[in-house]
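Have a look at start_0.pdb below; it lists PDB, C-alpha atoms and all ligand atoms.
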```
ATOM      1  CA  MET O   1      64.514  99.070 199.136  1.00  0.00           C
ATOM      2  CA  VAL O   2      63.456  95.574 198.153  1.00  0.00           C
ATOM      3  CA  ILE O   3      59.722  95.267 197.579  1.00  0.00           C
ATOM      4  CA  LYS O   4      58.849  91.631 198.201  1.00  0.00           C
ATOM      5  CA  ASP O   5      55.109  91.464 197.691  1.00  0.00           C
ATOM      6  CA  LEU O   6      54.698  92.377 194.042  1.00  0.00           C
ATOM      7  CA  PRO O   7      51.120  93.069 192.935  1.00  0.00           C
ATOM      8  CA  GLN O   8      49.845  89.874 191.352  1.00  0.00           C
ATOM      9  CA  ILE O   9      47.559  89.216 188.398  1.00  0.00           C
ATOM     10  CA  GLY O  10      44.077  90.420 189.320  1.00  0.00           C
ATOM     11  CA  SER O  11      45.466  93.657 190.820  1.00  0.00           C
ATOM     12  CA  GLU O  12      43.966  96.707 189.128  1.00  0.00           C
ATOM     13  CA  ILE O  13      47.324  98.496 188.856  1.00  0.00           C
ATOM     14  CA  LEU O  14      48.594  95.840 186.420  1.00  0.00           C
ATOM     15  CA  ARG O  15      45.777  96.576 183.972  1.00  0.00           C
ATOM     16  CA  LYS O  16      46.047 100.369 183.904  1.00  0.00           C
ATOM     17  CA  GLU O  17      47.762 102.378 181.195  1.00  0.00           C
ATOM     18  CA  CYS O  18      50.788 104.088 182.811  1.00  0.00           C
ATOM     19  CA  ALA O  19      51.524 107.811 182.582  1.00  0.00           C
ATOM     20  CA  PRO O  20      54.695 109.273 181.072  1.00  0.00           C
ATOM     21  CA  VAL O  21      57.298 110.720 183.430  1.00  0.00           C
ATOM     22  CA  GLN O  22      57.717 114.476 182.991  1.00  0.00           C
ATOM     23  CA  LEU O  23      61.277 115.551 182.202  1.00  0.00           C
ATOM     24  CA  LYS O  24      61.388 117.864 185.227  1.00  0.00           C
ATOM     25  CA  GLU O  25      60.388 114.973 187.492  1.00  0.00           C
ATOM     26  CA  ILE O  26      63.275 112.728 186.495  1.00  0.00           C
ATOM     27  CA  LYS O  27      65.824 113.783 189.079  1.00  0.00           C
ATOM     28  CA  THR O  28      63.281 114.106 191.885  1.00  0.00           C
ATOM     29  CA  ARG O  29      63.522 111.956 195.009  1.00  0.00           C
ATOM     30  CA  ARG O  30      60.259 110.192 194.139  1.00  0.00           C
ATOM     31  CA  ILE O  31      61.388 109.013 190.710  1.00  0.00           C
ATOM     32  CA  GLU O  32      64.898 108.175 191.925  1.00  0.00           C
ATOM     33  CA  GLN O  33      63.355 106.112 194.717  1.00  0.00           C
ATOM     34  CA  ILE O  34      61.124 104.178 192.291  1.00  0.00           C
ATOM     35  CA  ILE O  35      64.138 103.404 190.076  1.00  0.00           C
ATOM     36  CA  SER O  36      66.221 102.324 193.041  1.00  0.00           C
ATOM     37  CA  ASP O  37      63.382 100.116 194.361  1.00  0.00           C
ATOM     38  CA  LEU O  38      63.092  98.502 190.908  1.00  0.00           C
ATOM     39  CA  CYS O  39      66.855  97.836 190.848  1.00  0.00           C
ATOM     40  CA  ASP O  40      66.790  96.281 194.340  1.00  0.00           C
ATOM     41  CA  SER O  41      63.653  94.247 193.701  1.00  0.00           C
ATOM     42  CA  ILE O  42      64.746  92.744 190.341  1.00  0.00           C
ATOM     43  CA  GLU O  43      67.554  90.939 192.193  1.00  0.00           C
ATOM     44  CA  GLU O  44      65.366  89.741 195.037  1.00  0.00           C
ATOM     45  CA  ALA O  45      62.613  88.427 192.750  1.00  0.00           C
ATOM     46  CA  LYS O  46      65.204  86.762 190.443  1.00  0.00           C
ATOM     47  CA  LEU O  47      63.796  88.540 187.387  1.00  0.00           C
ATOM     48  CA  ILE O  48      65.533  89.900 184.295  1.00  0.00           C
ATOM     49  CA  GLY O  49      63.124  92.767 183.712  1.00  0.00           C
ATOM     50  CA  MET O  50      60.733  94.841 185.783  1.00  0.00           C
ATOM     51  CA  SER O  51      58.316  97.706 185.315  1.00  0.00           C
ATOM     52  CA  ALA O  52      57.093 100.464 187.661  1.00  0.00           C
ATOM     53  CA  PRO O  53      53.458  99.213 187.819  1.00  0.00           C
ATOM     54  CA  GLN O  54      54.804  95.967 189.264  1.00  0.00           C
ATOM     55  CA  LEU O  55      55.810  97.994 192.310  1.00  0.00           C
ATOM     56  CA  GLY O  56      52.482  99.814 192.351  1.00  0.00           C
ATOM     57  CA  HIS O  57      53.495 102.951 190.408  1.00  0.00           C
ATOM     58  CA  SER O  58      51.540 103.720 187.257  1.00  0.00           C
ATOM     59  CA  LEU O  59      54.488 105.329 185.452  1.00  0.00           C
ATOM     60  CA  ASN O  60      56.393 104.597 182.253  1.00  0.00           C
ATOM     61  CA  ILE O  61      59.605 103.219 183.729  1.00  0.00           C
ATOM     62  CA  ILE O  62      61.147  99.810 183.055  1.00  0.00           C
ATOM     63  CA  ILE O  63      64.480  98.194 183.807  1.00  0.00           C
ATOM     64  CA  THR O  64      66.290  95.173 182.328  1.00  0.00           C
ATOM     65  CA  GLU O  65      69.222  93.140 183.576  1.00  0.00           C
ATOM     66  CA  LEU O  66      70.148  89.912 181.825  1.00  0.00           C
ATOM     67  CA  ARG O  67      72.042  87.647 184.125  1.00  0.00           C
ATOM     68  CA  GLU O  68      72.341  83.997 184.994  1.00  0.00           C
ATOM     69  CA  LEU O  69      69.322  82.689 186.915  1.00  0.00           C
ATOM     70  CA  PRO O  70      68.730  79.324 188.560  1.00  0.00           C
ATOM     71  CA  HIS O  71      66.031  78.444 186.021  1.00  0.00           C
ATOM     72  CA  ARG O  72      67.377  80.178 182.941  1.00  0.00           C
ATOM     73  CA  LYS O  73      70.781  80.102 181.345  1.00  0.00           C
ATOM     74  CA  VAL O  74      71.359  83.533 179.899  1.00  0.00           C
ATOM     75  CA  GLN O  75      73.879  83.584 177.082  1.00  0.00           C
ATOM     76  CA  ASP O  76      73.624  87.288 176.394  1.00  0.00           C
ATOM     77  CA  ILE O  77      74.533  88.851 179.723  1.00  0.00           C
ATOM     78  CA  ASP O  78      73.515  92.505 179.646  1.00  0.00           C
ATOM     79  CA  PRO O  79      74.036  95.120 182.381  1.00  0.00           C
ATOM     80  CA  LEU O  80      71.298  96.853 184.343  1.00  0.00           C
ATOM     81  CA  ARG O  81      69.544  99.413 182.136  1.00  0.00           C
ATOM     82  CA  VAL O  82      66.880 101.977 183.006  1.00  0.00           C
ATOM     83  CA  TYR O  83      64.355 103.142 180.384  1.00  0.00           C
ATOM     84  CA  ILE O  84      62.052 106.072 181.127  1.00  0.00           C
ATOM     85  CA  ASN O  85      59.138 106.628 178.694  1.00  0.00           C
ATOM     86  CA  PRO O  86      60.337 103.863 176.370  1.00  0.00           C
ATOM     87  CA  ILE O  87      59.027 103.688 172.806  1.00  0.00           C
ATOM     88  CA  ILE O  88      59.546 100.547 170.752  1.00  0.00           C
ATOM     89  CA  LYS O  89      60.083 100.970 167.027  1.00  0.00           C
ATOM     90  CA  ASN O  90      61.371  99.076 164.015  1.00  0.00           C
ATOM     91  CA  LEU O  91      60.050  95.722 165.128  1.00  0.00           C
ATOM     92  CA  SER O  92      61.437  92.948 162.938  1.00  0.00           C
ATOM     93  CA  LYS O  93      59.024  91.039 160.715  1.00  0.00           C
ATOM     94  CA  GLU O  94      60.652  87.861 161.876  1.00  0.00           C
ATOM     95  CA  GLU O  95      59.091  86.549 165.081  1.00  0.00           C
ATOM     96  CA  GLU O  96      59.789  83.649 167.395  1.00  0.00           C
ATOM     97  CA  ILE O  97      57.949  81.809 170.141  1.00  0.00           C
ATOM     98  CA  ILE O  98      59.692  81.591 173.501  1.00  0.00           C
ATOM     99  CA  TYR O  99      58.425  80.735 176.976  1.00  0.00           C
ATOM    100  CA  GLU O 100      57.906  83.663 179.343  1.00  0.00           C
ATOM    101  CA  GLY O 101      57.092  84.051 182.994  1.00  0.00           C
ATOM    102  CA  CYS O 102      56.439  87.198 185.012  1.00  0.00           C
ATOM    103  CA  GLY O 103      56.979  88.580 188.501  1.00  0.00           C
ATOM    104  CA  SER O 104      53.294  89.529 188.531  1.00  0.00           C
ATOM    105  CA  VAL O 105      52.169  86.004 187.679  1.00  0.00           C
ATOM    106  CA  MET O 106      54.746  84.542 190.060  1.00  0.00           C
ATOM    107  CA  ASN O 107      52.219  83.328 192.630  1.00  0.00           C
ATOM    108  CA  GLY O 108      50.465  81.441 189.842  1.00  0.00           C
ATOM    109  CA  LYS O 109      53.874  80.049 188.820  1.00  0.00           C
ATOM    110  CA  LEU O 110      52.829  79.902 185.185  1.00  0.00           C
ATOM    111  CA  PHE O 111      55.023  79.992 182.117  1.00  0.00           C
ATOM    112  CA  GLY O 112      53.726  80.105 178.561  1.00  0.00           C
ATOM    113  CA  PRO O 113      54.830  80.454 174.936  1.00  0.00           C
ATOM    114  CA  VAL O 114      54.639  83.985 173.507  1.00  0.00           C
ATOM    115  CA  LYS O 115      55.346  85.066 169.926  1.00  0.00           C
ATOM    116  CA  ARG O 116      57.262  88.326 169.503  1.00  0.00           C
ATOM    117  CA  PRO O 117      59.493  90.067 166.950  1.00  0.00           C
ATOM    118  CA  ILE O 118      63.099  88.955 167.415  1.00  0.00           C
ATOM    119  CA  SER O 119      64.628  92.412 167.123  1.00  0.00           C
ATOM    120  CA  ILE O 120      63.535  95.938 167.938  1.00  0.00           C
ATOM    121  CA  GLU O 121      64.805  99.431 168.485  1.00  0.00           C
ATOM    122  CA  VAL O 122      63.954 101.287 171.677  1.00  0.00           C
ATOM    123  CA  GLU O 123      64.029 105.004 172.316  1.00  0.00           C
ATOM    124  CA  ALA O 124      63.914 106.172 175.934  1.00  0.00           C
ATOM    125  CA  LEU O 125      65.375 108.527 178.515  1.00  0.00           C
ATOM    126  CA  ASP O 126      68.016 107.256 180.904  1.00  0.00           C
ATOM    127  CA  LYS O 127      67.915 107.916 184.655  1.00  0.00           C
ATOM    128  CA  ASN O 128      69.496 111.341 184.085  1.00  0.00           C
ATOM    129  CA  GLY O 129      66.863 112.297 181.526  1.00  0.00           C
ATOM    130  CA  LYS O 130      69.209 111.855 178.566  1.00  0.00           C
ATOM    131  CA  LYS O 131      67.603 110.448 175.428  1.00  0.00           C
ATOM    132  CA  PHE O 132      69.079 107.267 173.969  1.00  0.00           C
ATOM    133  CA  ASN O 133      68.362 104.916 171.103  1.00  0.00           C
ATOM    134  CA  MET O 134      69.258 101.277 171.250  1.00  0.00           C
ATOM    135  CA  LYS O 135      68.953  98.258 168.997  1.00  0.00           C
ATOM    136  CA  ALA O 136      68.171  95.017 170.758  1.00  0.00           C
ATOM    137  CA  SER O 137      67.724  91.446 169.655  1.00  0.00           C
ATOM    138  CA  GLY O 138      67.243  88.028 171.203  1.00  0.00           C
ATOM    139  CA  LEU O 139      66.409  87.872 174.894  1.00  0.00           C
ATOM    140  CA  LEU O 140      66.975  91.576 175.530  1.00  0.00           C
ATOM    141  CA  ALA O 141      64.485  92.528 172.784  1.00  0.00           C
ATOM    142  CA  ARG O 142      61.977  90.122 174.300  1.00  0.00           C
ATOM    143  CA  VAL O 143      62.366  91.423 177.851  1.00  0.00           C
ATOM    144  CA  ILE O 144      62.010  95.045 176.700  1.00  0.00           C
ATOM    145  CA  GLN O 145      58.794  94.153 174.834  1.00  0.00           C
ATOM    146  CA  HIS O 146      57.414  92.233 177.824  1.00  0.00           C
ATOM    147  CA  GLU O 147      58.140  95.162 180.170  1.00  0.00           C
ATOM    148  CA  CYS O 148      56.725  97.773 177.758  1.00  0.00           C
ATOM    149  CA  ASP O 149      53.532  95.681 177.593  1.00  0.00           C
ATOM    150  CA  HIS O 150      53.211  96.145 181.374  1.00  0.00           C
ATOM    151  CA  LEU O 151      53.091  99.930 180.805  1.00  0.00           C
ATOM    152  CA  LYS O 152      49.979  99.392 178.673  1.00  0.00           C
ATOM    153  CA  GLY O 153      48.320  97.057 181.167  1.00  0.00           C
ATOM    154  CA  ILE O 154      49.135  93.966 179.088  1.00  0.00           C
ATOM    155  CA  LEU O 155      50.436  90.743 180.652  1.00  0.00           C
ATOM    156  CA  PHE O 156      52.211  87.915 178.807  1.00  0.00           C
ATOM    157  CA  ILE O 157      49.323  85.556 179.529  1.00  0.00           C
ATOM    158  CA  ASP O 158      47.178  87.738 177.229  1.00  0.00           C
ATOM    159  CA  LYS O 159      49.539  86.789 174.400  1.00  0.00           C
ATOM    160  CA  VAL O 160      50.142  83.102 175.014  1.00  0.00           C
ATOM    161  CA  THR O 161      49.925  81.422 171.620  1.00  0.00           C
ATOM    162  CA  ASP O 162      48.581  78.108 172.901  1.00  0.00           C
ATOM    163  CA  ASN O 163      46.986  77.675 176.322  1.00  0.00           C
ATOM    164  CA  THR O 164      47.453  73.920 176.166  1.00  0.00           C
ATOM    165  CA  LYS O 165      51.214  74.579 176.369  1.00  0.00           C
ATOM    166  CA  LEU O 166      51.098  76.526 179.664  1.00  0.00           C
ATOM    167  CA  LEU O 167      53.531  75.097 182.190  1.00  0.00           C
ATOM    168  CA  SER O 168      53.890  75.140 185.945  1.00  0.00           C
ATOM    169  CA  ARG O 169      57.183  76.562 187.194  1.00  0.00           C
ATOM    170  CA  ASN O 170      58.521  73.103 188.050  1.00  0.00           C
ATOM    171  CA  ASN O 171      57.738  71.680 184.625  1.00  0.00           C
ATOM    172  CA  TYR O 172      59.128  74.798 182.964  1.00  0.00           C
ATOM    173  CA  ILE O 173      62.452  74.412 184.800  1.00  0.00           C
ATOM    174  CA  LYS O 174      62.547  70.682 184.021  1.00  0.00           C
ATOM    175  CA  LEU O 175      61.889  71.145 180.282  1.00  0.00           C
ATOM    176  CA  MET O 176      64.330  74.069 180.067  1.00  0.00           C
ATOM    177  CA  LYS O 177      67.064  71.972 181.656  1.00  0.00           C
ATOM    178  CA  GLU O 178      66.318  69.112 179.264  1.00  0.00           C
ATOM    179  CA  GLY O 179      66.542  71.566 176.363  1.00  0.00           C
ATOM    180  CA  LYS O 180      63.010  70.673 175.238  1.00  0.00           C
ATOM    181  CA  ILE O 181      61.702  74.261 175.216  1.00  0.00           C
ATOM    182  CA  LYS O 182      63.147  77.698 174.622  1.00  0.00           C
TER
HETATM  183 ZN    ZN M   1      56.125  90.774 183.687  1.00  0.00          ZN
END
```

I need this file expressed as structure tokens, please.
Amino acid sequence: MVIKDLPQIGSEILRKECAPVQLKEIKTRRIEQIISDLCDSIEEAKLIGMSAPQLGHSLNIIITELRELPHRKVQDIDPLRVYINPIIKNLSKEEEIIYEGCGSVMNGKLFGPVKRPISIEVEALDKNGKKFNMKASGLLARVIQHECDHLKGILFIDKVTDNTKLLSRNNYIKLMKEGKIK
């Protein structure tokens, strides 16, 4: 089911630390429904990552799906992935600053530069409860970090490196198209 009205910045749920999903809960209707709602809603909201608290569930579940969007050319297309209880490790020392936006700051239509490690490793359970380990770099590494921040009640705006560089959605799209920002 597509959830259209995502909780927006200022909603308490976005600032709470999420709880881990118990292994025995993973194949339950409730958890399967949350995952399926996330998968439906990521398309509708034209996002490339989403977390359970963004649908109002304080649980450690995120999804990523890197695909072409109207405002962002995605070179590294990556299929839909589900991560339950994700843990990020082996963050690279090398970091880069890239503009981010967020489905929970969508009404504010703000985009801002955020510095993050360029590569990571993530350990999580898949939707069947099977543990996996994955190395990620570039945009995928960034999206995973952004979504895992949501599970700790952190939003990208908390990490913007320079508030004077915040952009409205329209200016963000314009500068992206002109190749003036990353
Ligand atoms: Zn977000």

Shell around segment 95-97 of chain O at 12 Å using only C-alpha atoms, local window under 5 positions removed, as an mmCIF file with C-alpha atoms, in the coordinates of the input:
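Everything below was put into around-v4.cif:
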```
data_model
loop_
_atom_site.group_PDB
_atom_site.id
_atom_site.type_symbol
_atom_site.label_atom_id
_atom_site.label_comp_id
_atom_site.auth_asym_id
_atom_site.auth_seq_id
_atom_site.Cartn_x
_atom_site.Cartn_y
_atom_site.Cartn_z
ATOM 1 C CA GLY O 112 53.726 80.105 178.561
ATOM 2 C CA PRO O 113 54.830 80.454 174.936
ATOM 3 C CA VAL O 114 54.639 83.985 173.507
ATOM 4 C CA LYS O 115 55.346 85.066 169.926
ATOM 5 C CA ARG O 116 57.262 88.326 169.503
ATOM 6 C CA PRO O 117 59.493 90.067 166.950
ATOM 7 C CA ILE O 118 63.099 88.955 167.415
ATOM 8 C CA SER O 119 64.628 92.412 167.123
ATOM 9 C CA ILE O 120 63.535 95.938 167.938
ATOM 10 C CA SER O 137 67.724 91.446 169.655
ATOM 11 C CA GLY O 138 67.243 88.028 171.203
ATOM 12 C CA LEU O 139 66.409 87.872 174.894
ATOM 13 C CA ALA O 141 64.485 92.528 172.784
ATOM 14 C CA ARG O 142 61.977 90.122 174.300
ATOM 15 C CA LYS O 159 49.539 86.789 174.400
ATOM 16 C CA VAL O 160 50.142 83.102 175.014
ATOM 17 C CA THR O 161 49.925 81.422 171.620
ATOM 18 C CA ASP O 162 48.581 78.108 172.901
ATOM 19 C CA LYS O 165 51.214 74.579 176.369
ATOM 20 C CA ILE O 181 61.702 74.261 175.216
ATOM 21 C CA LYS O 182 63.147 77.698 174.622
#
```

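Coordinates place atom CA of Lys135 of chain O at a distance of 11.0 Å from atom CA of Ser92 of chain O.
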
Enumerate, in order of chain and increasing residue number, the residues of chain O with an atom no farther than 8 Å from ligand ZN 1 (chain M), each with its shortest atom pair and distance in Å to one decimal, counting all atoms listed in the file, as a tab-separated table.
```
residue	atom	partner	partner_atom	distance
O:Gly49	CA	M:ZN1	ZN	7.3
O:Met50	CA	M:ZN1	ZN	6.5
O:Ser51	CA	M:ZN1	ZN	7.5
O:Gln54	CA	M:ZN1	ZN	7.7
O:Gly101	CA	M:ZN1	ZN	6.8
O:Cys102	CA	M:ZN1	ZN	3.8
O:Gly103	CA	M:ZN1	ZN	5.4
O:Ser104	CA	M:ZN1	ZN	5.7
O:Val105	CA	M:ZN1	ZN	7.4
O:His146	CA	M:ZN1	ZN	6.2
O:Glu147	CA	M:ZN1	ZN	6.0
O:His150	CA	M:ZN1	ZN	6.5
O:Leu155	CA	M:ZN1	ZN	6.4
O:Phe156	CA	M:ZN1	ZN	6.9
```

Going by the chain IDs and residue numbers used in this file, which residues fall under the PyMOL selection byres (((chain O and resi 12) around 12) and not hetatm)? Write them as a list in words.
Pro7, Gln8, Ile9, Gly10, Ser11, Ile13, Leu14, Arg15, Lys16, Glu17, Cys18, Pro53, Gln54, Gly56, His57, Ser58, Ser104, Gly153 and Ile154 of chain O

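Close contacts of Glu121 of chain O, defined as residues with an atom at most 7 Å away when counting all atoms listed in the file, with chain neighbours fewer than 3 positions off set aside, comprise Ile88, Lys89, Asn90, Leu91, Met134, Lys135 and Ala136 of chain O.
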
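Among the candidates O:Ile42, O:Ile63, O:Met106, O:Ile87, the one nearest to Lys127 of chain O when counting only C-alpha atoms is O:Ile63.
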